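Report on the following structure.
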Amino acid sequence: MTRTAFVFPGQGSECAGMGRELLARRPQLADTYFRAADDLLGIPLARICRDGSDRDLEDPVVAQPAVFLTSLAALEVLRGEGLEPYAVAGHSLGEYMALVAAGVLEWTDALWLVRLRSELVATVGDRVGSATAAVIGLSRRDLVRLCAESRAATDQVVEVAGDNEPRQTVVSGEAGAVSHLTEAARAAGARVRPLRAGGPFHSSLLREAEAEFTETLIATAFRDPELPLVSSVTGGRIETAAEAVVALRGQLTRPVRWTEAVATLAASGADRYVEVGPGRVLGGLVRRILPDARVHTTRTAAPSVGAVPDAPSDTVV
């Protein structure tokens with residue numbers, strides 16, 4: 001018996017026109033989700049997801065809700081075709097969609113939290129001058145050591161912000177320290193790719209934002225999951241509404257543990273993985289974590305699940 005896990009992408013999967021095909025094939029989605037989101041957030045997400053340019057998506061305060069909405073619409077299409085997940089997980093931002101898919105959050109509440117989260121992170125990023133980068137080819141232990149050395153050399157913060165797959169790790173922090181680490185990592189033989197994150201996601205620099213975000217979390221209605229739900233914050237299962245709140249609170253300052261999350265999905269019995277949302281970044285990560293896994297994607301708007309060819313080595317935060 002096939003057990004399908006739905007996995008939801010984070011920032012980095014956005015692309016121009018990512019909702020165009022979905023809206024063309026299922027125009028009712030525009031009223032059900034996109035225009036309702038426009039009214040809720042005051043952002044023309046329907047237009048941006050259908051006809052927007054890459055420049056429209058440079059601001060994470062726009063890009064993150066747009067990725068969330070496109071993933072939500074793709075989930076609605078899959079469920080309309082009778083495909084339900086056995087388990088769900090999401091990478092960083094994608095965890096909010098996983099919570100919606102598992103029945104923990106209403107989609108409007110999750111969208112509002114996504115907007116607030118991105119605003120808080122952007123505010124801190126503007127104040128401290130932040131940067132984010134993906135390091136490919138170094139072990140986590142070596143990267144932790146380089147973070148410590150860069151922090152000592154610059155008196156600035158740089159930390160491991162995410163474990164995307166065994167040989168790809170994201171770092172986040174203040175720009176000077178990230179630059180120092182980038183040079184050190186390249187000298188050690190690693191490839192480094194600067195990321196356009198819009199703030200120091202998953203770092204201790206966001207501790208001051210936790211209090212404001214926690215107030216909103218406490219005021220939001222959470223329910224116990226209706227199906228197996230794996231957190232990218234802990235790498236383990238979320239069993240209760242209270243655990244979901246703790247996970248989202250910790251997500252601001254704690255690194256993404258995507259390799260562990262995928263391993264937990266596999267250990268739970270999942271044997272097929274469907275990336276639900278724009279792009280195919282997450283499918284590539286899953287394939288590198290589980291080389292023998294069956295991985296599929298909705299791509300940028302396909303009305304049904306299609307096979308992923310060799311996926312590009314892109315990154316998500």
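Residue numbering restarts at 1 in every chain; chains get A, B, ... in the order shown in the structure tokens, and ligands count up from 1 in that same order.
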Q.
Need to verify the contact set: A:Val100, 12 Å, only C-alpha atoms, exclusion of same-chain residues closer than 4 positions in sequence. Can you return it as a PyMOL selection string?
A. chain A and resi 6+8+68-69+71-73+75-76+88-90+94-96+104-111+113+221-227+229+244
Q.
So that I can see what lies close to A:Ala270, please list as a ChimeraX atom specification the residues with an atom at most 8 Å from it, counting only C-alpha atoms and leaving out residues fewer than 5 positions away in the same chain.
A. /A:2-5,86-87,265
**Q.** Nearest-residue call for A:Val246, choices A:Thr214, A:Val276, A:Ser130, A:Ala175, using only C-alpha atoms
**A.**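 Counting only C-alpha atoms, the residue closest to A:Val246 is A:Thr214.
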**Q.** strand (DSSP E or B) per DSSP on the backbone: members of stretch 106-216 of chain A, as a ChimeraX atom specification
**A.** /A:130-136,158-165,168-174,191-195
Selected residues written out with N, CA and C atoms, as a PDB file, in the first residue's frame:
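Okay, result-v7.pdb is ready:
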```
ATOM      1  N   SER A 130      21.553  42.093   7.464  1.00  0.00           N
ATOM      2  CA  SER A 130      21.691  40.636   7.498  1.00  0.00           C
ATOM      3  C   SER A 130      22.037  40.063   6.131  1.00  0.00           C
ATOM      4  N   ALA A 131      22.435  38.789   6.148  1.00  0.00           N
ATOM      5  CA  ALA A 131      22.710  38.045   4.926  1.00  0.00           C
ATOM      6  C   ALA A 131      22.482  36.568   5.197  1.00  0.00           C
ATOM      7  N   THR A 132      22.257  35.827   4.133  1.00  0.00           N
ATOM      8  CA  THR A 132      22.021  34.387   4.219  1.00  0.00           C
ATOM      9  C   THR A 132      22.733  33.723   3.051  1.00  0.00           C
ATOM     10  N   ALA A 133      23.260  32.517   3.276  1.00  0.00           N
ATOM     11  CA  ALA A 133      23.966  31.818   2.211  1.00  0.00           C
ATOM     12  C   ALA A 133      23.828  30.313   2.393  1.00  0.00           C
ATOM     13  N   ALA A 134      23.864  29.594   1.286  1.00  0.00           N
ATOM     14  CA  ALA A 134      23.883  28.132   1.312  1.00  0.00           C
ATOM     15  C   ALA A 134      25.309  27.667   1.075  1.00  0.00           C
ATOM     16  N   VAL A 135      25.773  26.754   1.921  1.00  0.00           N
ATOM     17  CA  VAL A 135      27.120  26.205   1.822  1.00  0.00           C
ATOM     18  C   VAL A 135      27.000  24.742   1.415  1.00  0.00           C
ATOM     19  N   ILE A 136      27.648  24.376   0.332  1.00  0.00           N
ATOM     20  CA  ILE A 136      27.531  23.029  -0.234  1.00  0.00           C
ATOM     21  C   ILE A 136      28.896  22.357  -0.216  1.00  0.00           C
ATOM     22  N   VAL A 158      26.807  34.893  13.113  1.00  0.00           N
ATOM     23  CA  VAL A 158      26.531  34.015  11.972  1.00  0.00           C
ATOM     24  C   VAL A 158      26.318  32.623  12.541  1.00  0.00           C
ATOM     25  N   GLU A 159      25.238  31.964  12.105  1.00  0.00           N
ATOM     26  CA  GLU A 159      24.848  30.681  12.682  1.00  0.00           C
ATOM     27  C   GLU A 159      24.322  29.747  11.601  1.00  0.00           C
ATOM     28  N   VAL A 160      24.376  28.459  11.887  1.00  0.00           N
ATOM     29  CA  VAL A 160      23.726  27.487  11.022  1.00  0.00           C
ATOM     30  C   VAL A 160      22.218  27.699  11.127  1.00  0.00           C
ATOM     31  N   ALA A 161      21.568  27.949   9.988  1.00  0.00           N
ATOM     32  CA  ALA A 161      20.142  28.249   9.968  1.00  0.00           C
ATOM     33  C   ALA A 161      19.307  27.136   9.371  1.00  0.00           C
ATOM     34  N   GLY A 162      19.961  26.155   8.757  1.00  0.00           N
ATOM     35  CA  GLY A 162      19.165  25.094   8.157  1.00  0.00           C
ATOM     36  C   GLY A 162      20.014  23.974   7.610  1.00  0.00           C
ATOM     37  N   ASP A 163      19.526  22.767   7.821  1.00  0.00           N
ATOM     38  CA  ASP A 163      20.125  21.559   7.267  1.00  0.00           C
ATOM     39  C   ASP A 163      19.195  21.085   6.162  1.00  0.00           C
ATOM     40  N   ASN A 164      19.508  21.463   4.914  1.00  0.00           N
ATOM     41  CA  ASN A 164      18.626  21.141   3.792  1.00  0.00           C
ATOM     42  C   ASN A 164      18.753  19.698   3.342  1.00  0.00           C
ATOM     43  N   GLU A 165      19.965  19.213   3.294  1.00  0.00           N
ATOM     44  CA  GLU A 165      20.269  17.820   2.958  1.00  0.00           C
ATOM     45  C   GLU A 165      21.703  17.578   3.419  1.00  0.00           C
ATOM     46  N   GLN A 168      24.281  20.102   2.163  1.00  0.00           N
ATOM     47  CA  GLN A 168      23.874  21.489   1.917  1.00  0.00           C
ATOM     48  C   GLN A 168      23.316  22.096   3.191  1.00  0.00           C
ATOM     49  N   THR A 169      23.986  23.139   3.667  1.00  0.00           N
ATOM     50  CA  THR A 169      23.612  23.783   4.922  1.00  0.00           C
ATOM     51  C   THR A 169      23.476  25.280   4.689  1.00  0.00           C
ATOM     52  N   VAL A 170      22.485  25.886   5.305  1.00  0.00           N
ATOM     53  CA  VAL A 170      22.255  27.328   5.188  1.00  0.00           C
ATOM     54  C   VAL A 170      22.774  28.022   6.432  1.00  0.00           C
ATOM     55  N   VAL A 171      23.436  29.166   6.234  1.00  0.00           N
ATOM     56  CA  VAL A 171      23.878  30.001   7.345  1.00  0.00           C
ATOM     57  C   VAL A 171      23.186  31.347   7.252  1.00  0.00           C
ATOM     58  N   SER A 172      23.001  31.972   8.412  1.00  0.00           N
ATOM     59  CA  SER A 172      22.272  33.236   8.474  1.00  0.00           C
ATOM     60  C   SER A 172      22.889  34.095   9.563  1.00  0.00           C
ATOM     61  N   GLY A 173      22.825  35.425   9.394  1.00  0.00           N
ATOM     62  CA  GLY A 173      23.354  36.307  10.429  1.00  0.00           C
ATOM     63  C   GLY A 173      23.615  37.699   9.902  1.00  0.00           C
ATOM     64  N   GLU A 174      24.532  38.385  10.548  1.00  0.00           N
ATOM     65  CA  GLU A 174      24.909  39.731  10.133  1.00  0.00           C
ATOM     66  C   GLU A 174      25.838  39.658   8.922  1.00  0.00           C
ATOM     67  N   ARG A 191      31.322  25.103  -2.046  1.00  0.00           N
ATOM     68  CA  ARG A 191      30.621  26.049  -2.911  1.00  0.00           C
ATOM     69  C   ARG A 191      29.664  26.843  -2.037  1.00  0.00           C
ATOM     70  N   VAL A 192      29.556  28.125  -2.304  1.00  0.00           N
ATOM     71  CA  VAL A 192      28.691  28.985  -1.507  1.00  0.00           C
ATOM     72  C   VAL A 192      27.776  29.767  -2.432  1.00  0.00           C
ATOM     73  N   ARG A 193      26.501  29.787  -2.091  1.00  0.00           N
ATOM     74  CA  ARG A 193      25.517  30.498  -2.902  1.00  0.00           C
ATOM     75  C   ARG A 193      24.783  31.510  -2.017  1.00  0.00           C
ATOM     76  N   PRO A 194      24.992  32.814  -2.231  1.00  0.00           N
ATOM     77  CA  PRO A 194      24.221  33.808  -1.474  1.00  0.00           C
ATOM     78  C   PRO A 194      22.732  33.638  -1.756  1.00  0.00           C
ATOM     79  N   LEU A 195      21.908  33.828  -0.731  1.00  0.00           N
ATOM     80  CA  LEU A 195      20.471  33.686  -0.873  1.00  0.00           C
ATOM     81  C   LEU A 195      19.785  35.014  -0.605  1.00  0.00           C
TER      82      LEU A 195
END
```
Q: Determine which residues of stretch 59-231 of chain A receive a DSSP assignment of alpha helix (DSSP H), computed from the backbone, and state them as a ChimeraX atom specification.
A: /A:60-80,94-101,107-128,140-154,175-187,207-218
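Proximity of A:Gln156, A:Thr259, A:Ser268, A:Ser139 to A:Ala177, computed with only C-alpha atoms, is greatest for A:Gln156.
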Between stretch 196-296 of chain A and stretch 120-125 of chain A, at 6 Å or less, what are the per-residue closest atom pairs and their distances in Å? Count only C-alpha atoms, order by chain and rising residue number, and return it as a Markdown table.
```
| residue | atom | partner | partner_atom | distance |
| --- | --- | --- | --- | --- |
| A:Gly198 | CA | A:Ala122 | CA | 5.7 |
| A:Gly199 | CA | A:Gly125 | CA | 4.1 |
| A:Pro200 | CA | A:Gly125 | CA | 5.8 |
```
(Q) Using only C-alpha atoms, can you tell me which of A:Leu138, A:Glu212, A:Leu41, A:Ser232 comes closest to A:Ala187? (A) A:Leu138
Q. In terms of the shortest atom-to-atom distance over only C-alpha atoms, which of A:Leu290, A:Val67, A:Leu99, A:Ile238 is closest to A:Gly10?
A. A:Val67
Q: Can you work out the spacing between atom CA of A:Leu252 and atom CA of A:Arg117 in Å, to one decimal?
A: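 Spanning atom CA of A:Leu252 to atom CA of A:Arg117 is a straight-line distance of 8.1 Å.
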(Q) Neighbouring residues of A:Gln64 were defined as those with any atom within 8 Å, considering only C-alpha atoms; residues of the same chain fewer than 6 positions away were excluded. Please report them as a PyMOL selection string. (A) chain A and resi 10-11+93+114-115+118
Taking N, CA and C atoms for each residue, export the selection above as an mmCIF file, in the first residue's frame.
```cif
data_model
loop_
_atom_site.group_PDB
_atom_site.id
_atom_site.type_symbol
_atom_site.label_atom_id
_atom_site.label_comp_id
_atom_site.auth_asym_id
_atom_site.auth_seq_id
_atom_site.Cartn_x
_atom_site.Cartn_y
_atom_site.Cartn_z
ATOM 1 N N GLY A 10 9.389 26.201 0.969
ATOM 2 C CA GLY A 10 9.576 27.485 1.620
ATOM 3 C C GLY A 10 10.000 28.550 0.635
ATOM 4 N N GLN A 11 10.427 29.684 1.178
ATOM 5 C CA GLN A 11 10.911 30.772 0.333
ATOM 6 C C GLN A 11 12.130 30.287 -0.446
ATOM 7 N N LEU A 93 8.876 28.148 5.956
ATOM 8 C CA LEU A 93 7.580 28.712 5.586
ATOM 9 C C LEU A 93 6.566 27.624 5.265
ATOM 10 N N VAL A 114 2.014 34.033 8.497
ATOM 11 C CA VAL A 114 3.097 34.112 7.517
ATOM 12 C C VAL A 114 3.455 35.568 7.244
ATOM 13 N N ARG A 115 2.435 36.394 7.066
ATOM 14 C CA ARG A 115 2.679 37.818 6.803
ATOM 15 C C ARG A 115 3.389 38.475 7.984
ATOM 16 N N SER A 118 7.084 37.303 8.286
ATOM 17 C CA SER A 118 7.978 37.887 7.285
ATOM 18 C C SER A 118 8.252 39.360 7.589
#
```
